[in-house]
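Written out below as C-alpha cells is the structure these notes cover.
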Amino acid sequence: FTGTDTKLVQNSFQTPSKFSRLDILMNKCVAIIIVIMCLCISYLATNAVLTWDQNFDYLWYIGYSTNTTAHWPYLEGLDVPEWDTSTQNWFQMFFLYVTLLSNFVPLSMYVTVEMINFFFLWLVYADIEIYDTKTDTRAVARSTNVTDLGQVEYIFSDKTGTLTQNVMRFKRCSVDGMIFGAPVEKTRPGIEAANDEPPSSFHPTRQLLVGEINVGEGGSQLEATAGMTFNAEMFLRVMSLCHTVVVEKDLDLSNTIDETKSVSSAGSSWSAKNYAKKLFNKPRDRTQSDMSAHSAFGLEPVSEDPGQKTPVDNKQTNNRSRTASAGSAFNSFPLEKGPDGAPAGFAYQAESPDEGALVSSASKSFGFQVVGRDSSGIKLKCDHPTIFGDKGVVDKLKSGALSPKRLAADTANGQITIERSPGGMRTETWAIIAVNKFDSERKRMSILLRSPPEFGSVAILLCKGADSAMLDPKVCSASGAIFSGNTADDLETSQRLEVTEEEDEESEWEMAQMLGIQSHLGEFAKEGLRTLVLGIRFLTDTECDRWLETYRDAATSMKNRDDKLKNAAFEIEKDLHIVGATAIEDKLQTGVPETIATLEKAGIKLWVLTGDKRETAIEIGYSTHVLTPRMHLTEVADKGSEYVRAQCAMEFMRLVKAGKLPLYQRAAVDQSDDSWSWESASFVMGKIWRMLSRSYRNFMAKMNLCFRSMLGFDTNKQEEALTGLEEEAKAEKERMMDVIRRRNVRNRAEQIIKDYMKQHPHLHATHDKHPLSPPSDPDAGDLSTDELPPVFNRAQSARTLLEKRTSQGKLTASDKRNIRLTQLTVQEASNREQEHTLMDEDMLSINSFYAATGEATSDFDKRRRTVLERLFAVDRDVRKGRLVKHLKKEKRLEVLSEQASYHAVTPSAEGPRALVIEGAALKHLLGDRELEEVIFNIASQCDAVIACRVSPRQKALLVKLVRHHVVPEPVTLAIGDGANDVGMIQEAHVGIGISGKEGKQAVNASDFAIAQFRFLENLVLIHGRWDFMRSAIVVLFSFYKNAVMAGCLIVYNGETLYSGTPLFDQWIIAVLNFVAGLPILLLGMFDRCLEKEYVRNNPEVYQPTRQNEIITLRVLFRWVLLAFAHIFILYYGSLPQLSGPGGMTSAFVGLMSNEDTVGDGDGADLQSVGTVIFTSMIILLAYKVLYEHRSIINGRWPALIGCFKKGDEGFWSRVPYTWYGVTYGSIIFYIFFLFIYQRIAKNGPGEYFAIIGVPPHIFTTRSLNYISMLFVPIFGMAFDLSGKVFSNMFYPTQTQIHVELEAKNFSTKRKEKRNGAGQQQ
C-alpha cells in the first residue's frame, strides 16, 4: 500500500485544538457582554428616538424645526437656516451607540491574557526547580493552556519511563526459610507505614553462600565450611540457568575487543588489566578497583544511590579470620566482568528486564557467571564447591532414591557429609534439552537441562514463576503447607498444621521453609518488589525420555501446537521442590512516591495506564504506594465477555446496596417519568436549545459548503462538519433524562447477573444467602470480594502460624540455622569493626533480630484473643488484642464503668478499594454506554485505578470515559514518555510528555514537556495554581474596568437627551486600556497569594483552585454589583459638584495670590468635568489593582532606589512591581499623556482642539478637582473594602484562611528571629 492507504497514514489523525477552561469562560463572558451591550444600545437608541420626538419643538438650537421658513429665534435678522424636519431614526442611533460603547467589550483583555500567558510559559522554562541537571533538560511549554494546570482533577499516567526507570535490580531473596538482603524502605509520605507487622529479620546477602556452621577448635569462634546448602546452590543455579538470556558483544566497546577471541576464551586470553588499559588508556590497579567492584564485600550496598560504592582493601580481606571463609570465596570470582556481570566487552541480552536482573546479580553478587549460550548449552563459570561433586548423591538423585526435600534438610542441618567438588574456577556446560516458554495461563517458564558429564549428566527441570502459579498444590510438592489466600481455606489449613506433629525432621524442615517463603512473599509485596518463586525437579532418565516424546510430538504438530506445548509443560511442571523466592526492584524515578502522595493530598485522582501485565502493574502499584496492602484489590481479567460483564455488574450492585452509589438505589430510580420537576424542565429546555444550535450550525455549514463548491474550493472540512452534526443528532436521540438513564443502567446490571446465575446454577444458594458477599467458587466471576489480595492473606496466615509455633517452643532446623547465621554475622561484624570495614548491611541485619520495644500492652491479656482474630483480622487493634474485651479484668471494669461517655462505632463494610483492569476486559465494556457507566461508577468509588495491558487507543478512550461521565466535566491531565501515550496526551485537556528513552513522540504531541515525573508537583501545584489565580483576576478586572467606563457613558447620556454625546474625550477613552492595563498586567505576571514552601507543605490549598473557587457565579455577581456601585459613585459623586455655575476664583492664581480673578477657576465645561471624572476612575482602578493583589510585591520603598539596595534577594526580587505599575505605569503615564495630548492639539485647529488648556486648567486652577479626585475613589474603595472585610470575617474562603495562616506563621517566625537577635546582642 502507498499514500493514504499506508498503515502510518491510517493510524494518524489531526492534532486536536485545545482551549483552556479559562479561555472558554472568557469567550462565553464576551458573548454575554455582547448580548448585554446590544440590549443597552437598543435601550439607548429607543430612548433617543422617543425623547427627541417628545422634545422636537425645543431642539431648534441644533437645527430641528417643522417650519422650514422660520428664522432663528431671537435672531430674526439672520437668514432662514436649512431646518431638519425629522430626527435620526432608530438604526442611525443604534450604530451611533455601537461606536460610543465599543469599549464595553474588553477586547484588550485577550491581548493582556496572551502576554501574561507567554510570560507564564517563560517562567516554566526558566524554573530551575524543574530543570534536570543529569540530562540538561528544561521544562518546555508548548501550549498556552497553562491555566488548566491549576484545575486538574484526574491524572492519567503511563508506568514505564514515567513512574519507573525500567531498571531492574535484585534486592532480596528467601531461601531455607530466611530472608537475605536488607529491606527497601519506601514508606509513602503523609501516611502511616503500610506494614502491620514489623519487618522480618534478615541476613546479609553474602551469607547465602555459607554452608555448614561449626564451632572452631578454640570453642570461641564459629567456622563456615566451604560450599552452600542444597537449596542455596540450586537457588543460584535457577537464577543463572533458567532463562533465555544470550551473551552478545557490547557494541559500545566493540573497538576494544579482539574479534578473534570467543566468549569462552575470554578468561584465558583477556586480562582485566589490559582491557582497562585499552578502554581508559591507563593501567588500572587490579587489587583495588576489581576487588571493590566484584569481591564478596563489594556487594551492592543498601543505599538507593547506585553511584555509591563500598571500598574494601584487599589486604584486609586476605587477613580476615577463617570465620569469613564462605564470604572469602568471592575473592576468586572472575574479574573479567562488565557492568552487568557479563564477560568484559560483552553484555547480556534478555527478553525481559527481570531475567536480566537475575542473571546479572547471579554473576556480580554470587559468582555464577553466564559466559555463553550456544547449541551445546549454557556455559557457566563458577568457583564454588558444588554438591554435584559427590557421585553418590548424584546417583541417588538421578535414580530418585534421594529426594530434594531430604537433601535440603540434611545439608542445612549438617547431618550429611558430602564430597563436594574442589573450589577453583571452572567452566560448566549445561545442555539444554527443552524450554517451556512463559505464557499468561501458566504464569511461569521452565527449562529442562542436563548437567555436565563430570556432574553425572542429571536431567533437572528448573522453573520460575509467579507465586500464585508456583505455590499451587498441583505444582508444588509441599502442598500440605501452602495457604490458598482464602480466609476459610486458610483457617482450615492453619488449624490442621497447628495440631499436626511432623513425623520426621525432613517434613518439619519443609513446612518451616514453605511457611517462611509465604510470609516473606507478603513482606516483599508490601515493599513493592517484583517476586518470583523458584523451583526444581530431578527426573530419572525414563521420565525424561517419556516426556521428551510428548514434547517433540507437540513441537512438531501442525494443529493446536500452542495448546499441546502448554499441556506438555503442565505435565512436567509438577512435584516441584521450592528452593526460594526472589525480590526484584523496578527502580522508581526519584521522588515518585512523594509526588503521588502530594497530588493525592491536593485532591487529584491518579489513574495508571500501562501496557505491562497485570502482576507487574500491581507490583509497581505497591512500589509507588498507589496501592496499599489494606486495599481490597479488585482485579478484572479477560475471561470472556460474560464473565467480565458479570463481574462488573456484581461489583456495581454491591456498591449500590452498600450505599456508595445512592443515585442508583431503587428509591431514586423508580420515580415517575410524568412528574414535573426542575430536572425535567431543564432537560426539555436543554434539548430545545441544542436543537436550535444544531439547526443554525447545519444551515451555516450547508451555505458554506454550497458557496465553496460553486467557487471550486476544498469542501472536506464542511463535509466533516455536516457528518459530525449528523452524529450529534443521533446521539441526541439516545439522550435521556438522568433518572431514566440510571434506571436503565441498574436494570441492565441486574439482568446481566440473572443471566449469569442461570448459566451457573450452583451460585444461587450463595448469592441468595449473602447478596453482598462473593461466591466462593473461583469461576463465579466475583469482583466484589472484601478479601485482601491472596499474597497478603497467605503471608499473614503463615507468619501467625510460625509465631505460634515459636511461642510454643517448637524450634525447627530452620530456626536453629537462622540463629547460627546471626551469630556468624555478629562475629564477622566484630572483626570488620576492628579493621574499620564495617558494612551497613551487617548492622541492619543484626538490628533486625532485636525485638521492637516501647509498645505498651501491659493492660491487655493476649489470651483473650480468638484464633480468628489472630489469623485473619485486618484491623491491627483487633489482631493485636487491643479492644475492651481484651483488657485485663481490673482494667476492663474500670473502662466499662465509664462506658456512658463512649459512643458505639458502627464498623464499615467497605474499606479502601482499588481497581485493576486489563485492556482485553475493557473491550467487552467500552462502546456500550450503559456498561461504560457501570465500570466508571466502580472506578469512581476506588482510591486507585490501574489499567494494564491497554492499547494506546484504550488509553485515550479511558480519558474520554472520564470526561464524558463526570459532571461537570473535569480537567484531565495525561503524562507519558512514549509513542503509545500520544493518544491519551492529545485526548486530555493537558498533555505532558517526558523526555525519556523512548523518543520524542510524546514530547512533540504534548502541551508541556518535563524530564522527570517529580517535576509534575511544581508544574501543577505551583505554576498551575498561581497562573490560574492570576489569570482569573486579570479576566475579572478587565470586564470590570470596561464596564465601569461604559456605565459612566450610559448614565451620562440620560443627561444629554440620549444624543450620544460622550462624557470623556474620545482619545482619552482610547488610552484607558493602556493606562489601566499595565498595573493589571503586572498583577497577572507576579502576584502570588501563597508562597511556594507553604503550598508544598500544605498541598490541600490546591483544592479551592481546582474547584474554581475564584470564578463562581457568586464571585461574578460581586464584581457586577461592585461595577454598578462604582459607576454611580463616580458619576453622582463627581458630576453634580463639578458642573456648578461659573464665577469661581482660581485657587492658585486668585485666592493664594490674594487677587480677584473671577471665572478663572470655572471648570464646568464638558471636557474639564469629563477629564476629572476619568482621572478619578483611573485612581479608583489603581486602588482596585492594589487591593486585588494577594501579596503586594513592593520590594523596598521608595520605589526609585529600593531595588538598588544590596541584599540577598537579588535585583529582580527587590523590584517594586506593583508600585511601578500603579505609580509610573498608570498615574504618571496618564498625566504625561494629557499634557502631550494638549501639546499636539496646539499645533493647529483639528479634532484635538477641544483639549487645549484643559489639563493645566483642571490641575492648576481649581481646588475642587483635587477634592473630587481624592475622595471619590476613596468612597468607591470603601464600598469594596467593607464587602471584603465582611466576607473575610464571616464567610472566608479556603484560600483566605490559608493566607491568614501563612501571615501568622511568617509573623511568628519574624518575632522569634528578632528575639533571637536581641538575645545575642
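Letters A, B, ... mark the chains of the C-alpha cells in the order given; residue numbers begin at 1 per chain; ligand numbers begin at 1, in order shown.
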
Practice task
May I have the residues within 12 Å of region 569-574 of chain A as a ChimeraX atom specification, using only C-alpha atoms and disregarding those fewer than 3 positions away in the same chain?
Solution key: /A:434-439,441-448,460-465,469-479,534-539,543-548,550-552,554-555,562-566,577-578

Exercise for the section: Give me the residues within 12 Å of Asn47 (chain A) as a list in words, counting only C-alpha atoms and dropping any in the same chain fewer than 3 places off. Expected result: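 Once the nearby chain positions are removed, what remains is Cys40, Ile41, Ser42, Tyr43, Leu44, Leu50, Thr51, Trp52, Asp53, Gln54, Asn55, Asn89, Trp90, Met93, Phe94, Tyr97, Ile1050, Asn1053, Gly1054, Thr1056, Leu1057, Tyr1058, Ser1059 and Gly1060 of chain A.
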
Problem - Straight-line distance linking CA of Phe120 (chain A) with CA of Asn145 (chain A), stated in Å to one decimal - result: 10.2 Å

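Rounded to one decimal, CA of Phe202 (chain A) and CA of Val370 (chain A) lie 27.8 Å from each other.
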
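Candidate residues A:Ser108, A:Thr147, A:Arg949, A:Val167 were compared for distance to Ser440 (chain A), and the nearest is A:Arg949, using only C-alpha atoms.
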
Practice task
Please return as an MDAnalysis selection string: the residues of region 571-674 of chain A that backbone DSSP assigns to strand (DSSP E or B).
Solution key: chainID A and resid 576:588 605:609 632:636

Practice task
Write out as a PyMOL selection string each polymer residue whose atoms come within 10 Å of region 1018-1023 of chain A, counting only C-alpha atoms; drop sequence neighbours fewer than 5 positions from it.
Solution key: chain A and resi 120-121+123-124+127+129-130+139+146-152+595+598-599+602+973+1008+1010+1028+1088+1090-1093+1095-1096+1099-1103+1105

Problem - Length of the CA of Ala431 (chain A) to CA of Ser375 (chain A) vector [Å] - result: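 CA of Ser375 (chain A) lies at a distance of 8.3 Å from CA of Ala431 (chain A).
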
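Near region 378-389 of chain A, within 6 Å and counting only C-alpha atoms, sit Gly227, Gly367, Phe368, Gln369, Val370, Val371, Gly372, Arg373, Val394, Arg420, Ser421, Pro422, Gly423, Gly424, Met425, Arg426, Thr427, Glu428, Thr429, Trp430 and Phe455 of chain A; same-chain residues fewer than 4 positions away were not included.
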
Problem - Residue neighbourhood Val608 (chain A), 6 Å, only C-alpha atoms, exclusion window fewer than 6 positions, as number ranges by chain - result: A: 156-158, 946

Problem - Within 9 Å of Pro952 (chain A) using only C-alpha atoms, minus same-chain residues under 4 positions, as a list of chain:residue names - result: A:Gly611, A:Ala956, A:Leu957, A:Ala979, A:Asn980, A:Asp981, A:Val982, A:Gly983, A:Met984

Write a file of the selected residues as a short mmCIF file (atom, residue, chain, number, x, y, z; two decimals), in the first residue's frame, keeping C-alpha atoms.
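Just written: again_7.cif:
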data_model
loop_
_atom_site.label_atom_id
_atom_site.label_comp_id
_atom_site.auth_asym_id
_atom_site.auth_seq_id
_atom_site.Cartn_x
_atom_site.Cartn_y
_atom_site.Cartn_z
CA GLY A 611 0.91 -1.89 28.76
CA ALA A 956 -7.39 7.60 25.02
CA LEU A 957 -10.82 6.01 25.46
CA ALA A 979 4.59 7.00 21.25
CA ASN A 980 1.92 4.76 22.77
CA ASP A 981 0.97 7.61 25.09
CA VAL A 982 0.27 10.14 22.33
CA GLY A 983 -3.44 9.25 22.13
CA MET A 984 -4.20 9.94 25.78
#

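Take the candidates A:Ile620, A:Ile935, A:Cys648, A:Val175 and check each one against His520 (chain A) using only C-alpha atoms; the shortest distance goes to A:Val175.
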
Handout entry: Distance criterion (only C-alpha atoms): nearest to Ala512 (chain A) out of A:Thr137, A:Asp176, A:Ser376, A:Arg743
Key =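 Of all the options, A:Asp176 lies closest to Ala512 (chain A).
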